[in-house]
Amino acid sequence: MSKFKKKKDGGLPPISTASLPDIVFMLLFFFMVATVIKEDNLKIQNNLPKANQIEKLDKNKPISYIYIGKPSANYIDTYGTEDRIQLNDKLQSVEQVQAFIAAERANLAEELVPTLTISLKVDKEAKMGVLTDVKQELRKTNALKINYTTKKGDALTN
Amino acid sequence: MAKRSAPEVNAGSMADIAFLLLIFFLVTTDIATDSGLSRKLPPWEPDIDTPPVIIKEKNIFALTLNSKNEILLTSGGDSELIALTDLRVRAVEFLDNGGGQGEDACRRCKGSGSEQSSDNFIKAVISLANDRLTNYNTYISVQNEILGAYNVIRNREFKKDYPNLNMNFVEATAMYQDKSTEKKDRESLKEKLEAIKLIVPQKFSEAEAKRS
C-alpha cells in the first residue's frame, strides 16, 4: 500500500539563516553607537570604581589621560605586581609625568592650555601611594584641573 | 527574446561580512567612561614660611583614612571611627550646624546650632588625609560622600532661592553642561549656580599622604 507510505523522516528541517545578517547588523550598529575608539592600549588592569556625584567631562576641552593600576597578567613577568603609571602606550615612572604634561600642552593651541583637564583612570584595587605622587607632580607642573574618572553607580557598594 | 529579470544577488555571505565588521568594532573600541568626580588641586608652593592659617577647631571636620581603609572622624574635639554609610549624614550635620554668633551667624543653616560644631557654611572646612596604603576604592567612596553632602545642602538652597525653576542644584548643573540647552538659558543658569556656589562653598582640603 504505497499510497499510505509514511513520509520519509528527514530529521529536523534546517533553520533559516536568512535573518542572521539583520541580527548581526543590529549588534554592529549598537556597538558603533555605544562605544568609542580606544585611546590607549592598556598594559595595566583598569577597573574603575563607582560613584554617583559625578559630572560629565566636557569633550570640547582638551583631556589627557593618566592610568594607574597593577600590570595586567601578560606583563607581570616584565613589570612586576606593584601599581604602575601608564602614559600614552608605555608604563612610566612618576618623574615622567611632568614631561608627559608638557608634551600634551605642546600639542594644544595656546588658548586651550589652561583648560586642559587630567582624567585620572585609577584601578579600584590600587593603593593611594602612587596616585599621591602623581598628584604632587601635577601640582608642580601646574596642571590643577583633575577628574577622578569613575563609573556611574552606588559608591557604597565599591 | 523575452526579457529576463536580473538574477538575484546571493546574500549568503552578508552575515560573514557583518560579523567581520562587528568583531573589528568589538576589538578596537571601548565603552566610553567620560564622567567622574571633578576636583581642583591646590597650586604648588615652594617652601616659603607662610604662617599657617588658624581655623577654630570646631570648624574642622577632619577625616583620616588608614591603611586598613577605616575612617577616623575628628570633629569638635572628639575622635571616632565611623562607617562609610554614616559619613554623608554626619558631614551634612556638620556643614548645616550654624553655631555661629554675631557676625558669624548663619541664617540659612537648619542644624542644631551646637557649640561644638561649625559656625556657618563659609567657615566650615572638611579635611581629608589618607595613608599611602589606603585603597583607591575607599578614597573615591569618601570623596563621593563628601561631594554628596555638599550637594544635599546646595540642592536645598537652590530650591529655596529659585523655587520657580523646579529643579535642584545637580539637575541645574547637568542642564547647564548640556550642549542642547539654549544659550540664553545657560547664561541665566550659570549666574544662579555661581551664586549658590558662593553661598555654600566647597571648603575641602587634602593633606599630603603620610609616609608609612
# chains A, B, ... in the order shown; residues from 1 in each chain; ligands from 1
>>> select_by_dssp(residues="segment 21-192 of chain B", states="alpha helix (DSSP H)", output="PDB file with C-alpha atoms, in the first residue's frame")
ATOM      1  CA  LEU B  21      32.840  44.327  10.980  1.00  0.00           C
ATOM      2  CA  LEU B  22      31.269  43.559  14.334  1.00  0.00           C
ATOM      3  CA  ILE B  23      34.382  41.842  15.606  1.00  0.00           C
ATOM      4  CA  PHE B  24      36.538  44.696  14.350  1.00  0.00           C
ATOM      5  CA  PHE B  25      34.462  47.183  16.350  1.00  0.00           C
ATOM      6  CA  LEU B  26      34.418  44.958  19.424  1.00  0.00           C
ATOM      7  CA  VAL B  27      38.197  44.828  19.457  1.00  0.00           C
ATOM      8  CA  THR B  28      39.070  48.444  18.681  1.00  0.00           C
ATOM      9  CA  LEU B  84      31.113  54.950  55.267  1.00  0.00           C
ATOM     10  CA  THR B  85      27.320  54.748  55.265  1.00  0.00           C
ATOM     11  CA  ASP B  86      27.105  57.348  58.067  1.00  0.00           C
ATOM     12  CA  LEU B  87      29.594  59.732  56.509  1.00  0.00           C
ATOM     13  CA  ARG B  88      27.234  61.772  54.349  1.00  0.00           C
ATOM     14  CA  VAL B  89      24.720  62.327  57.158  1.00  0.00           C
ATOM     15  CA  ARG B  90      27.473  63.368  59.552  1.00  0.00           C
ATOM     16  CA  ALA B  91      29.005  65.754  57.015  1.00  0.00           C
ATOM     17  CA  VAL B  92      25.626  67.380  56.321  1.00  0.00           C
ATOM     18  CA  GLU B  93      25.041  67.749  60.066  1.00  0.00           C
ATOM     19  CA  PHE B  94      28.425  69.407  60.416  1.00  0.00           C
ATOM     20  CA  LEU B  95      28.040  71.811  57.472  1.00  0.00           C
ATOM     21  CA  TYR B 136      41.630  53.951  45.942  1.00  0.00           C
ATOM     22  CA  ASN B 137      38.192  52.394  46.264  1.00  0.00           C
ATOM     23  CA  THR B 138      37.684  53.753  49.759  1.00  0.00           C
ATOM     24  CA  TYR B 139      39.169  57.097  48.817  1.00  0.00           C
ATOM     25  CA  ILE B 140      36.719  57.575  45.942  1.00  0.00           C
ATOM     26  CA  SER B 141      33.778  56.497  48.098  1.00  0.00           C
ATOM     27  CA  VAL B 142      34.743  59.069  50.734  1.00  0.00           C
ATOM     28  CA  GLN B 143      35.200  61.800  48.105  1.00  0.00           C
ATOM     29  CA  ASN B 144      31.832  60.852  46.672  1.00  0.00           C
ATOM     30  CA  GLU B 145      30.084  61.071  50.034  1.00  0.00           C
ATOM     31  CA  ILE B 146      31.616  64.464  50.815  1.00  0.00           C
ATOM     32  CA  LEU B 147      30.577  65.855  47.439  1.00  0.00           C
ATOM     33  CA  GLY B 148      27.187  64.284  48.137  1.00  0.00           C
ATOM     34  CA  ALA B 149      26.919  66.175  51.416  1.00  0.00           C
ATOM     35  CA  TYR B 150      27.717  69.493  49.714  1.00  0.00           C
ATOM     36  CA  ASN B 151      25.188  68.691  47.015  1.00  0.00           C
ATOM     37  CA  VAL B 152      22.473  67.970  49.609  1.00  0.00           C
ATOM     38  CA  ILE B 153      22.867  71.487  51.008  1.00  0.00           C
ATOM     39  CA  ARG B 154      23.341  73.167  47.631  1.00  0.00           C
ATOM     40  CA  ASN B 155      20.208  71.455  46.335  1.00  0.00           C
ATOM     41  CA  ARG B 156      18.210  72.739  49.280  1.00  0.00           C
ATOM     42  CA  GLU B 157      19.482  76.308  48.933  1.00  0.00           C
ATOM     43  CA  PHE B 158      18.982  76.297  45.179  1.00  0.00           C
ATOM     44  CA  LYS B 159      15.371  75.183  45.578  1.00  0.00           C
ATOM     45  CA  LYS B 160      14.803  77.792  48.233  1.00  0.00           C
ATOM     46  CA  ASP B 161      16.248  80.644  46.172  1.00  0.00           C
ATOM     47  CA  PHE B 169      21.400  72.231  42.000  1.00  0.00           C
ATOM     48  CA  VAL B 170      22.604  68.956  40.495  1.00  0.00           C
ATOM     49  CA  GLU B 171      19.915  68.968  37.807  1.00  0.00           C
ATOM     50  CA  ALA B 172      20.645  72.606  37.042  1.00  0.00           C
ATOM     51  CA  THR B 173      24.356  71.840  36.678  1.00  0.00           C
ATOM     52  CA  ALA B 174      23.571  68.991  34.300  1.00  0.00           C
ATOM     53  CA  MET B 175      21.306  71.287  32.288  1.00  0.00           C
ATOM     54  CA  TYR B 176      23.972  73.971  32.190  1.00  0.00           C
ATOM     55  CA  GLN B 177      26.523  71.484  30.871  1.00  0.00           C
ATOM     56  CA  LYS B 183      22.486  79.889  25.231  1.00  0.00           C
ATOM     57  CA  LYS B 184      20.163  82.378  26.921  1.00  0.00           C
ATOM     58  CA  ASP B 185      19.074  79.765  29.475  1.00  0.00           C
ATOM     59  CA  ARG B 186      22.643  78.695  30.102  1.00  0.00           C
ATOM     60  CA  GLU B 187      23.713  82.241  30.891  1.00  0.00           C
ATOM     61  CA  SER B 188      20.971  82.682  33.468  1.00  0.00           C
ATOM     62  CA  LEU B 189      21.648  79.243  34.945  1.00  0.00           C
ATOM     63  CA  LYS B 190      25.346  79.991  35.241  1.00  0.00           C
ATOM     64  CA  GLU B 191      24.604  83.106  37.270  1.00  0.00           C
ATOM     65  CA  LYS B 192      22.366  81.179  39.654  1.00  0.00           C
TER      66      LYS B 192
END
>>> interface_residues(of="chain A", to="chain B", cutoff="6 Å", atoms="only C-alpha atoms", output="compact mmCIF listing (two decimals) with C-alpha atoms, in the first residue's frame")
# COMPACT_ATOMS: atom_id res chain seq x y z
CA PRO A 21 22.73 39.26 8.75
CA PHE A 25 23.99 44.28 11.69
CA LEU A 28 27.12 46.06 14.87
CA THR A 35 31.41 52.77 22.07
CA VAL A 36 34.33 55.00 21.23
CA ILE A 37 37.68 54.14 19.68
CA LYS A 38 40.18 53.20 22.37
CA GLN A 53 28.03 62.53 42.45
CA ILE A 54 29.64 62.71 39.05
CA GLU A 55 29.89 65.34 36.38
CA LYS A 56 30.32 64.76 32.68
CA LEU A 57 33.67 65.71 31.20
CA LYS A 124 39.92 50.39 42.16
CA ALA A 126 45.22 50.42 43.51
CA LYS A 127 46.77 51.98 46.60
CA MET A 128 46.82 55.73 47.16
CA GLY A 129 50.65 55.95 47.24
CA ARG A 139 50.76 70.37 41.13
CA LYS A 140 54.41 71.08 40.35
CA LEU A 144 45.42 71.56 38.51
CA LYS A 145 42.16 70.54 36.87
CA ILE A 146 41.75 66.85 37.54
CA ASN A 147 38.93 64.38 37.26
CA TYR A 148 38.79 61.05 39.04
CA THR A 149 37.07 59.14 36.27
CA THR A 150 34.56 56.65 37.62
CA ALA A 155 29.75 54.37 45.85
>>> residues_around(residues="segment 76-92 of chain A", least_positions_apart="6", cutoff="8 Å", atoms="only C-alpha atoms", output="ChimeraX atom specification")
/A:40-44,65-70,100,126-127,130
>>> write_last_selection(atoms="C-alpha atoms", output="tab-separated table (two decimals), in the first residue's frame")
chain	number	residue	atom	x	y	z
A	40	ASP	CA	45.32	53.81	24.51
A	41	ASN	CA	46.14	50.16	24.65
A	42	LEU	CA	46.16	49.37	28.33
A	43	LYS	CA	49.00	47.38	29.81
A	44	ILE	CA	47.55	47.57	33.27
A	65	TYR	CA	44.58	60.52	30.45
A	66	ILE	CA	46.77	59.03	33.15
A	67	TYR	CA	46.21	55.39	34.02
A	68	ILE	CA	47.27	53.74	37.26
A	69	GLY	CA	46.98	50.09	38.19
A	70	LYS	CA	48.73	46.76	38.53
A	100	PHE	CA	54.10	63.99	29.62
A	126	ALA	CA	45.22	50.42	43.51
A	127	LYS	CA	46.77	51.98	46.60
A	130	VAL	CA	51.29	56.21	43.51
>>> residues_around(residues="Thr115 of chain A", least_positions_apart="2", cutoff="8 Å", atoms="only C-alpha atoms", output="list in words")
Lys61, Pro62, Leu112, Val113, Thr117 and Lys145 of chain A
>>> select_by_dssp(residues="chain A", states="strand (DSSP E)", output="MDAnalysis selection string")
chainID A and resid 35:37 50:51 55:56 63:69 84:87 90:92 117:122 145:149 151:152
>>> residues_around(residues="Asp154 of chain A", least_positions_apart="6", cutoff="7 Å", atoms="only C-alpha atoms", output="list of chain:residue names")
A:Lys50, A:Ala51, A:Asn52
>>> decode(residues="segment 161-199 of chain B", atoms="N, CA and C atoms", output="PDB file, in the first residue's frame")
ATOM      1  N   ASP B 161      16.047  79.358  46.828  1.00  0.00           N
ATOM      2  CA  ASP B 161      16.248  80.644  46.172  1.00  0.00           C
ATOM      3  C   ASP B 161      15.525  80.750  44.834  1.00  0.00           C
ATOM      4  N   TYR B 162      15.406  79.637  44.134  1.00  0.00           N
ATOM      5  CA  TYR B 162      14.780  79.693  42.810  1.00  0.00           C
ATOM      6  C   TYR B 162      13.669  78.650  42.719  1.00  0.00           C
ATOM      7  N   PRO B 163      12.599  78.815  43.514  1.00  0.00           N
ATOM      8  CA  PRO B 163      11.572  77.769  43.569  1.00  0.00           C
ATOM      9  C   PRO B 163      10.828  77.592  42.243  1.00  0.00           C
ATOM     10  N   ASN B 164      10.780  78.667  41.412  1.00  0.00           N
ATOM     11  CA  ASN B 164      10.014  78.524  40.173  1.00  0.00           C
ATOM     12  C   ASN B 164      10.744  77.755  39.083  1.00  0.00           C
ATOM     13  N   LEU B 165      12.024  77.422  39.290  1.00  0.00           N
ATOM     14  CA  LEU B 165      12.752  76.637  38.283  1.00  0.00           C
ATOM     15  C   LEU B 165      12.406  75.162  38.357  1.00  0.00           C
ATOM     16  N   ASN B 166      11.930  74.732  39.519  1.00  0.00           N
ATOM     17  CA  ASN B 166      11.509  73.347  39.693  1.00  0.00           C
ATOM     18  C   ASN B 166      12.618  72.335  39.457  1.00  0.00           C
ATOM     19  N   MET B 167      13.818  72.681  39.845  1.00  0.00           N
ATOM     20  CA  MET B 167      14.877  71.694  39.780  1.00  0.00           C
ATOM     21  C   MET B 167      15.896  71.992  40.879  1.00  0.00           C
ATOM     22  N   ASN B 168      16.775  71.020  41.140  1.00  0.00           N
ATOM     23  CA  ASN B 168      17.755  71.248  42.182  1.00  0.00           C
ATOM     24  C   ASN B 168      19.117  71.593  41.571  1.00  0.00           C
ATOM     25  N   PHE B 169      20.080  71.782  42.437  1.00  0.00           N
ATOM     26  CA  PHE B 169      21.400  72.231  42.000  1.00  0.00           C
ATOM     27  C   PHE B 169      22.046  71.258  41.013  1.00  0.00           C
ATOM     28  N   VAL B 170      21.950  69.965  41.338  1.00  0.00           N
ATOM     29  CA  VAL B 170      22.604  68.956  40.495  1.00  0.00           C
ATOM     30  C   VAL B 170      21.957  68.918  39.119  1.00  0.00           C
ATOM     31  N   GLU B 171      20.628  68.979  39.093  1.00  0.00           N
ATOM     32  CA  GLU B 171      19.915  68.968  37.807  1.00  0.00           C
ATOM     33  C   GLU B 171      20.236  70.214  37.005  1.00  0.00           C
ATOM     34  N   ALA B 172      20.330  71.349  37.728  1.00  0.00           N
ATOM     35  CA  ALA B 172      20.645  72.606  37.042  1.00  0.00           C
ATOM     36  C   ALA B 172      22.047  72.565  36.454  1.00  0.00           C
ATOM     37  N   THR B 173      22.989  71.959  37.197  1.00  0.00           N
ATOM     38  CA  THR B 173      24.356  71.840  36.678  1.00  0.00           C
ATOM     39  C   THR B 173      24.376  70.988  35.418  1.00  0.00           C
ATOM     40  N   ALA B 174      23.635  69.878  35.463  1.00  0.00           N
ATOM     41  CA  ALA B 174      23.571  68.991  34.300  1.00  0.00           C
ATOM     42  C   ALA B 174      22.975  69.735  33.105  1.00  0.00           C
ATOM     43  N   MET B 175      21.954  70.561  33.373  1.00  0.00           N
ATOM     44  CA  MET B 175      21.306  71.287  32.288  1.00  0.00           C
ATOM     45  C   MET B 175      22.255  72.340  31.730  1.00  0.00           C
ATOM     46  N   TYR B 176      23.012  72.959  32.627  1.00  0.00           N
ATOM     47  CA  TYR B 176      23.972  73.971  32.190  1.00  0.00           C
ATOM     48  C   TYR B 176      25.038  73.355  31.293  1.00  0.00           C
ATOM     49  N   GLN B 177      25.454  72.123  31.642  1.00  0.00           N
ATOM     50  CA  GLN B 177      26.523  71.484  30.871  1.00  0.00           C
ATOM     51  C   GLN B 177      26.015  70.854  29.584  1.00  0.00           C
ATOM     52  N   ASP B 178      24.689  70.679  29.491  1.00  0.00           N
ATOM     53  CA  ASP B 178      24.099  70.073  28.307  1.00  0.00           C
ATOM     54  C   ASP B 178      24.211  71.038  27.126  1.00  0.00           C
ATOM     55  N   LYS B 179      24.810  70.558  26.044  1.00  0.00           N
ATOM     56  CA  LYS B 179      25.048  71.424  24.893  1.00  0.00           C
ATOM     57  C   LYS B 179      23.747  71.839  24.215  1.00  0.00           C
ATOM     58  N   SER B 180      22.681  71.068  24.400  1.00  0.00           N
ATOM     59  CA  SER B 180      21.452  71.367  23.658  1.00  0.00           C
ATOM     60  C   SER B 180      20.613  72.451  24.351  1.00  0.00           C
ATOM     61  N   THR B 181      21.031  72.834  25.579  1.00  0.00           N
ATOM     62  CA  THR B 181      20.320  73.917  26.245  1.00  0.00           C
ATOM     63  C   THR B 181      20.605  75.236  25.526  1.00  0.00           C
ATOM     64  N   GLU B 182      19.585  76.074  25.413  1.00  0.00           N
ATOM     65  CA  GLU B 182      19.772  77.334  24.691  1.00  0.00           C
ATOM     66  C   GLU B 182      20.730  78.261  25.427  1.00  0.00           C
ATOM     67  N   LYS B 183      21.435  79.058  24.669  1.00  0.00           N
ATOM     68  CA  LYS B 183      22.486  79.889  25.231  1.00  0.00           C
ATOM     69  C   LYS B 183      21.949  80.855  26.296  1.00  0.00           C
ATOM     70  N   LYS B 184      20.773  81.404  26.005  1.00  0.00           N
ATOM     71  CA  LYS B 184      20.163  82.378  26.921  1.00  0.00           C
ATOM     72  C   LYS B 184      19.901  81.721  28.290  1.00  0.00           C
ATOM     73  N   ASP B 185      19.366  80.491  28.237  1.00  0.00           N
ATOM     74  CA  ASP B 185      19.074  79.765  29.475  1.00  0.00           C
ATOM     75  C   ASP B 185      20.354  79.438  30.226  1.00  0.00           C
ATOM     76  N   ARG B 186      21.387  79.075  29.455  1.00  0.00           N
ATOM     77  CA  ARG B 186      22.643  78.695  30.102  1.00  0.00           C
ATOM     78  C   ARG B 186      23.246  79.877  30.840  1.00  0.00           C
ATOM     79  N   GLU B 187      23.165  81.045  30.229  1.00  0.00           N
ATOM     80  CA  GLU B 187      23.713  82.241  30.891  1.00  0.00           C
ATOM     81  C   GLU B 187      23.034  82.481  32.238  1.00  0.00           C
ATOM     82  N   SER B 188      21.687  82.386  32.223  1.00  0.00           N
ATOM     83  CA  SER B 188      20.971  82.682  33.468  1.00  0.00           C
ATOM     84  C   SER B 188      21.221  81.580  34.499  1.00  0.00           C
ATOM     85  N   LEU B 189      21.351  80.340  34.017  1.00  0.00           N
ATOM     86  CA  LEU B 189      21.648  79.243  34.945  1.00  0.00           C
ATOM     87  C   LEU B 189      23.021  79.437  35.573  1.00  0.00           C
ATOM     88  N   LYS B 190      23.980  79.845  34.746  1.00  0.00           N
ATOM     89  CA  LYS B 190      25.346  79.991  35.241  1.00  0.00           C
ATOM     90  C   LYS B 190      25.384  80.974  36.404  1.00  0.00           C
ATOM     91  N   GLU B 191      24.667  82.095  36.225  1.00  0.00           N
ATOM     92  CA  GLU B 191      24.604  83.106  37.270  1.00  0.00           C
ATOM     93  C   GLU B 191      24.090  82.512  38.577  1.00  0.00           C
ATOM     94  N   LYS B 192      22.990  81.746  38.455  1.00  0.00           N
ATOM     95  CA  LYS B 192      22.366  81.179  39.654  1.00  0.00           C
ATOM     96  C   LYS B 192      23.274  80.148  40.308  1.00  0.00           C
ATOM     97  N   LEU B 193      23.930  79.320  39.467  1.00  0.00           N
ATOM     98  CA  LEU B 193      24.823  78.299  40.020  1.00  0.00           C
ATOM     99  C   LEU B 193      25.981  78.950  40.763  1.00  0.00           C
ATOM    100  N   GLU B 194      26.531  80.018  40.153  1.00  0.00           N
ATOM    101  CA  GLU B 194      27.656  80.689  40.801  1.00  0.00           C
ATOM    102  C   GLU B 194      27.224  81.299  42.139  1.00  0.00           C
ATOM    103  N   ALA B 195      26.001  81.835  42.167  1.00  0.00           N
ATOM    104  CA  ALA B 195      25.506  82.439  43.401  1.00  0.00           C
ATOM    105  C   ALA B 195      25.429  81.389  44.509  1.00  0.00           C
ATOM    106  N   ILE B 196      24.907  80.202  44.169  1.00  0.00           N
ATOM    107  CA  ILE B 196      24.791  79.147  45.176  1.00  0.00           C
ATOM    108  C   ILE B 196      26.182  78.679  45.610  1.00  0.00           C
ATOM    109  N   LYS B 197      27.108  78.608  44.642  1.00  0.00           N
ATOM    110  CA  LYS B 197      28.460  78.171  44.987  1.00  0.00           C
ATOM    111  C   LYS B 197      29.124  79.150  45.951  1.00  0.00           C
ATOM    112  N   LEU B 198      28.753  80.431  45.851  1.00  0.00           N
ATOM    113  CA  LEU B 198      29.312  81.408  46.785  1.00  0.00           C
ATOM    114  C   LEU B 198      28.694  81.259  48.168  1.00  0.00           C
ATOM    115  N   ILE B 199      27.408  80.934  48.201  1.00  0.00           N
ATOM    116  CA  ILE B 199      26.734  80.776  49.495  1.00  0.00           C
ATOM    117  C   ILE B 199      27.233  79.518  50.200  1.00  0.00           C
TER     118      ILE B 199
END
